[in-house]
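First comes the structure, then the notes that go with it.
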Amino acid sequence: MTILDDLTAPGTTPENAPGTTPTTTPAAAPLTAPDLRRAAEELRRLKEEVGRGPDPEATRRQHAKNKLTAHERLTALFDEGTFTEIEPLRRHRATGFGLEDRKPHGDGVVIGWGQVHGRTVFAYAHDFRVFAGALGEAHAAKVHKVMDLAEAAGAPLVSLNDGAGARIQEGVTALAGYGGIFRRNVAASGVIPQISVMLGPCAGGAAYSPALTDFVFMVRETAQMFITGPDVVQAVTGERITHNGLGGADTHASVSGVCHFAYDDETECLEDVRFLISLLPANNREAPPAVQADDPADRRTDALVDLVPAEPGQSYDIRAVIGELVDDGEYFEVHEAWARNIVCALARLDGHTVGIVANQPAVLAGVLDIHASEKAARFVSTCDAFNIPLVTLVDVPGFLPGVDQEHNGIIRHGAKLLYAYCNATVPRISLVLRKAYGGAYIVMDSRSIGCDLSFAWPTNEIAVMGAEGAANVIFRREINASDDPEGVRAQRIKEYRTELMHPYYAAERGLVDDVVDPADTRSVLIRSLAMLRGKKAEVPARKHGNSPT
């Protein structure tokens, strides 16, 4: 006899069955202590069974694909022993197409909260072993529940995605469930950090939820995202492509820009999710967590003199500069493989989180183009939403010229970066390392668009354009009429550089606050950020701005 038999036996005689006249059988006696112990033991066994999944074969198939189960992933994400699951016993109530005979507990998703580095974080994880992680009404209600809790508690939300999309058998009800997720993604945008971790397939409308979140992680070979799969693409366009070629981690990390971080395995991926959370505040009302820095705030950065060539046309890797400036040389690059001509990274200076935006002279000479503008604009907006100060390292020759760039909207996309900087109210510091030409100089958080402090190295060249181009425009007639055009051109280039591009020209006109020794750069940045930590910015009384899209 089970505990259910114990509970129902006294009152379920044929005499008082539904449709009959109740008898005067005495009410069931309350459970005694031994009964409660038996009930608790049965509950424990039930929850263990739910945690193990529908059957061992489903778990074996999951592991054979180098994929962890939902509970294993949550164990890897949270500090040991801190995860609290809610609604583990929920079941769907759908009927038809055989669903009435298949009602597993949990309904294919695990939700709850735990600690990451001692701080509360909420999460939901699809369980591919149950209905292939497909979303139905009960599944969606659980996700809505944990999203609402995360926003109410003011804590980050992590979604571990490994599902087959909408549960077709439940029809439009499943689609409505996705609508509820999207609405909550938008409501929580800029309020709490939202992180999507792609650990399996994510197709159709389901792909829009990760796209609405702040950061997207993907695991190579096992994770794919696309609106229409390879079969549909081939049927409509005749193009043949693999699942990974269409929507795999490397595709989205380097081509589309949908994915911020790509990894070879789930364990490494989840470890970096934990690291990212350690750099972010719990919500938009808090500052990012600070740590005790072992790297001295006044450490000199003499190596920068050798890392950055004085010649403006010579290439170098800006990441070496970032590594020299930040605490312990450690930074977390965002969108590393996409739009590589600009670098966006989270790091710490004197133990405090900062966002770094830097032109990359090693790729396309560090020019701004459509993708670089989009990448940096999104990063600037994310940092501003979560109270992360911005440091901009400027070494930019201008915007990339070309018919494709113009026709594909470089004006509109470049304006996104301009808008993001102008709209940002966090502390903003810019540093001109070498060249800063034309409109690109303005867009890269120049003094004129509101940066709080602007510094420059003694190798800076801030101008409308490079000396060579300027001389060719200003002195074109004189050069063409000369018997020695090359000699005249060289003379005029030298004069233009001497008059308008010497390193103190901008400082003399108040366009930079100081020209600093490269070796003092780290201490200058840290002192400036400490001064700006209490910055309060007034924002216009408006519903919202209308950012270029």
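Every chain in the structure tokens takes a letter, A first, then B, and so on in the order presented; its residues are numbered from 1, and the ligands are numbered from 1 following the presented order.
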Picked from range 288-341 of chain A by DSSP as strand (DSSP E or B), as a PyMOL selection string = chain A and resi 331-334
Range 336-360 of chain A residues near range 414-427 of chain A within 12 Å, closest pair each, using only C-alpha atoms, as JSON lines:
```
{"residue": "A:Thr353", "atom": "CA", "partner": "A:Pro427", "partner_atom": "CA", "distance": 11.8}
{"residue": "A:Val354", "atom": "CA", "partner": "A:Pro427", "partner_atom": "CA", "distance": 9.6}
{"residue": "A:Gly355", "atom": "CA", "partner": "A:Pro427", "partner_atom": "CA", "distance": 10.4}
{"residue": "A:Val357", "atom": "CA", "partner": "A:Tyr421", "partner_atom": "CA", "distance": 11.0}
```
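Using only C-alpha atoms for every distance, the candidate list A:Ala293, A:Met501, A:Ala76, A:Ala436 yields A:Ala76 as the residue closest to Glu266 in chain A.
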Quick one: residues within 10 Å of His371 in chain A, only C-alpha atoms, excluding same-chain residues fewer than 2 positions away - as a compact mmCIF listing (two decimals) with N, CA and C atoms, in the first residue's frame?
```txt
# COMPACT_ATOMS: atom_id res chain seq x y z
N VAL A 255 30.53 35.73 -38.18
CA VAL A 255 29.85 36.23 -39.38
C VAL A 255 28.65 37.11 -39.04
N SER A 256 27.71 36.56 -38.27
CA SER A 256 26.48 37.30 -37.99
C SER A 256 26.59 38.23 -36.79
N GLY A 257 27.47 37.89 -35.85
CA GLY A 257 27.59 38.68 -34.63
C GLY A 257 26.52 38.39 -33.59
N TRP A 338 34.24 38.73 -34.18
CA TRP A 338 33.40 39.51 -35.09
C TRP A 338 33.83 40.97 -35.07
N ALA A 339 33.87 41.61 -36.25
CA ALA A 339 34.27 43.01 -36.35
C ALA A 339 35.57 43.25 -35.59
N ARG A 340 36.60 42.53 -36.00
CA ARG A 340 37.85 42.50 -35.24
C ARG A 340 38.65 43.80 -35.34
N ASN A 341 38.19 44.75 -36.15
CA ASN A 341 38.87 46.04 -36.24
C ASN A 341 38.53 46.97 -35.07
N ILE A 342 37.68 46.48 -34.16
CA ILE A 342 37.49 47.18 -32.90
C ILE A 342 37.42 46.14 -31.78
N LEU A 368 36.71 52.38 -38.67
CA LEU A 368 35.34 52.06 -38.29
C LEU A 368 34.55 51.69 -39.54
N ASP A 369 33.82 50.58 -39.48
CA ASP A 369 32.93 50.19 -40.56
C ASP A 369 31.57 49.83 -39.96
N SER A 373 30.95 49.50 -35.90
CA SER A 373 30.07 50.49 -35.27
C SER A 373 28.95 49.81 -34.49
N GLU A 374 28.36 48.77 -35.08
CA GLU A 374 27.30 48.04 -34.39
C GLU A 374 27.81 47.36 -33.13
N LYS A 375 28.95 46.72 -33.26
CA LYS A 375 29.54 45.99 -32.13
C LYS A 375 29.82 46.94 -30.96
N ALA A 376 30.49 48.05 -31.25
CA ALA A 376 30.85 48.98 -30.19
C ALA A 376 29.62 49.67 -29.61
N ALA A 377 28.63 49.99 -30.46
CA ALA A 377 27.43 50.66 -29.97
C ALA A 377 26.69 49.78 -28.98
N GLN A 405 29.91 49.82 -48.28
CA GLN A 405 29.67 50.45 -46.99
C GLN A 405 28.60 51.53 -47.09
N ILE A 410 26.41 52.77 -43.86
CA ILE A 410 27.42 53.16 -42.88
C ILE A 410 26.99 54.42 -42.13
N HIS A 413 24.52 53.08 -39.48
CA HIS A 413 25.17 52.23 -38.49
C HIS A 413 26.22 53.00 -37.69
N GLY A 414 26.95 53.89 -38.36
CA GLY A 414 27.90 54.72 -37.62
C GLY A 414 27.21 55.61 -36.62
```
Residues within 9 Å of range 102-108 of chain A, please, as an mmCIF file with C-alpha atoms, in the first residue's frame. Count only C-alpha atoms; anything in the same chain fewer than 3 positions from it doesn't count.
```cif
data_model
loop_
_atom_site.group_PDB
_atom_site.id
_atom_site.type_symbol
_atom_site.label_atom_id
_atom_site.label_comp_id
_atom_site.auth_asym_id
_atom_site.auth_seq_id
_atom_site.Cartn_x
_atom_site.Cartn_y
_atom_site.Cartn_z
ATOM 1 C CA VAL A 50 12.538 13.457 -11.573
ATOM 2 C CA GLY A 53 15.144 12.015 -16.012
ATOM 3 C CA PRO A 54 12.640 9.890 -17.924
ATOM 4 C CA GLU A 87 8.112 23.581 -9.588
ATOM 5 C CA PRO A 88 9.948 20.298 -10.212
ATOM 6 C CA LEU A 89 6.657 18.352 -10.076
ATOM 7 C CA ARG A 90 4.718 20.450 -12.567
ATOM 8 C CA ARG A 91 3.029 18.558 -15.418
ATOM 9 C CA HIS A 92 1.291 19.698 -18.577
ATOM 10 C CA ARG A 93 -2.482 19.386 -18.923
ATOM 11 C CA ALA A 94 -2.637 19.046 -22.708
ATOM 12 C CA GLY A 98 -0.912 11.038 -27.195
ATOM 13 C CA LEU A 99 0.037 13.814 -24.768
ATOM 14 C CA ALA A 125 17.573 24.951 -18.168
ATOM 15 C CA HIS A 126 15.843 23.028 -20.932
ATOM 16 C CA ASP A 127 15.859 19.250 -20.450
ATOM 17 C CA PHE A 128 16.255 17.770 -23.920
ATOM 18 C CA ARG A 129 15.415 14.310 -22.551
ATOM 19 C CA VAL A 130 11.786 15.390 -22.019
ATOM 20 C CA PHE A 131 9.870 16.238 -25.209
ATOM 21 C CA ALA A 132 13.252 17.272 -26.704
ATOM 22 C CA GLY A 133 13.065 20.371 -24.491
ATOM 23 C CA ALA A 134 10.147 21.677 -26.581
ATOM 24 C CA LEU A 135 8.059 24.435 -25.042
ATOM 25 C CA GLY A 136 4.416 23.918 -24.128
ATOM 26 C CA ALA A 138 3.296 24.366 -18.519
ATOM 27 C CA HIS A 139 6.924 24.647 -19.672
ATOM 28 C CA LYS A 142 7.662 27.824 -15.436
ATOM 29 C CA GLY A 163 15.246 22.677 -26.937
#
```
Range 249-253 of chain A environment, 9 Å, only C-alpha atoms, sequence neighbours closer than 4 positions dropped, as a list in words | Met198, Phe217, Met218, Val219, Arg220, Glu221, Thr222, Ala223, Gln224, Met225, Asn244, Gly245, Gly257, Val258, Cys259, His260, Phe261, Ala262, Tyr263, His335, Glu336, Ala337 and Trp338 of chain A
All residues 8 Å or closer to Ser189 in chain A, only C-alpha atoms, same chain fewer than 4 positions away omitted, as a ChimeraX atom specification = /A:185,193-194,212-214
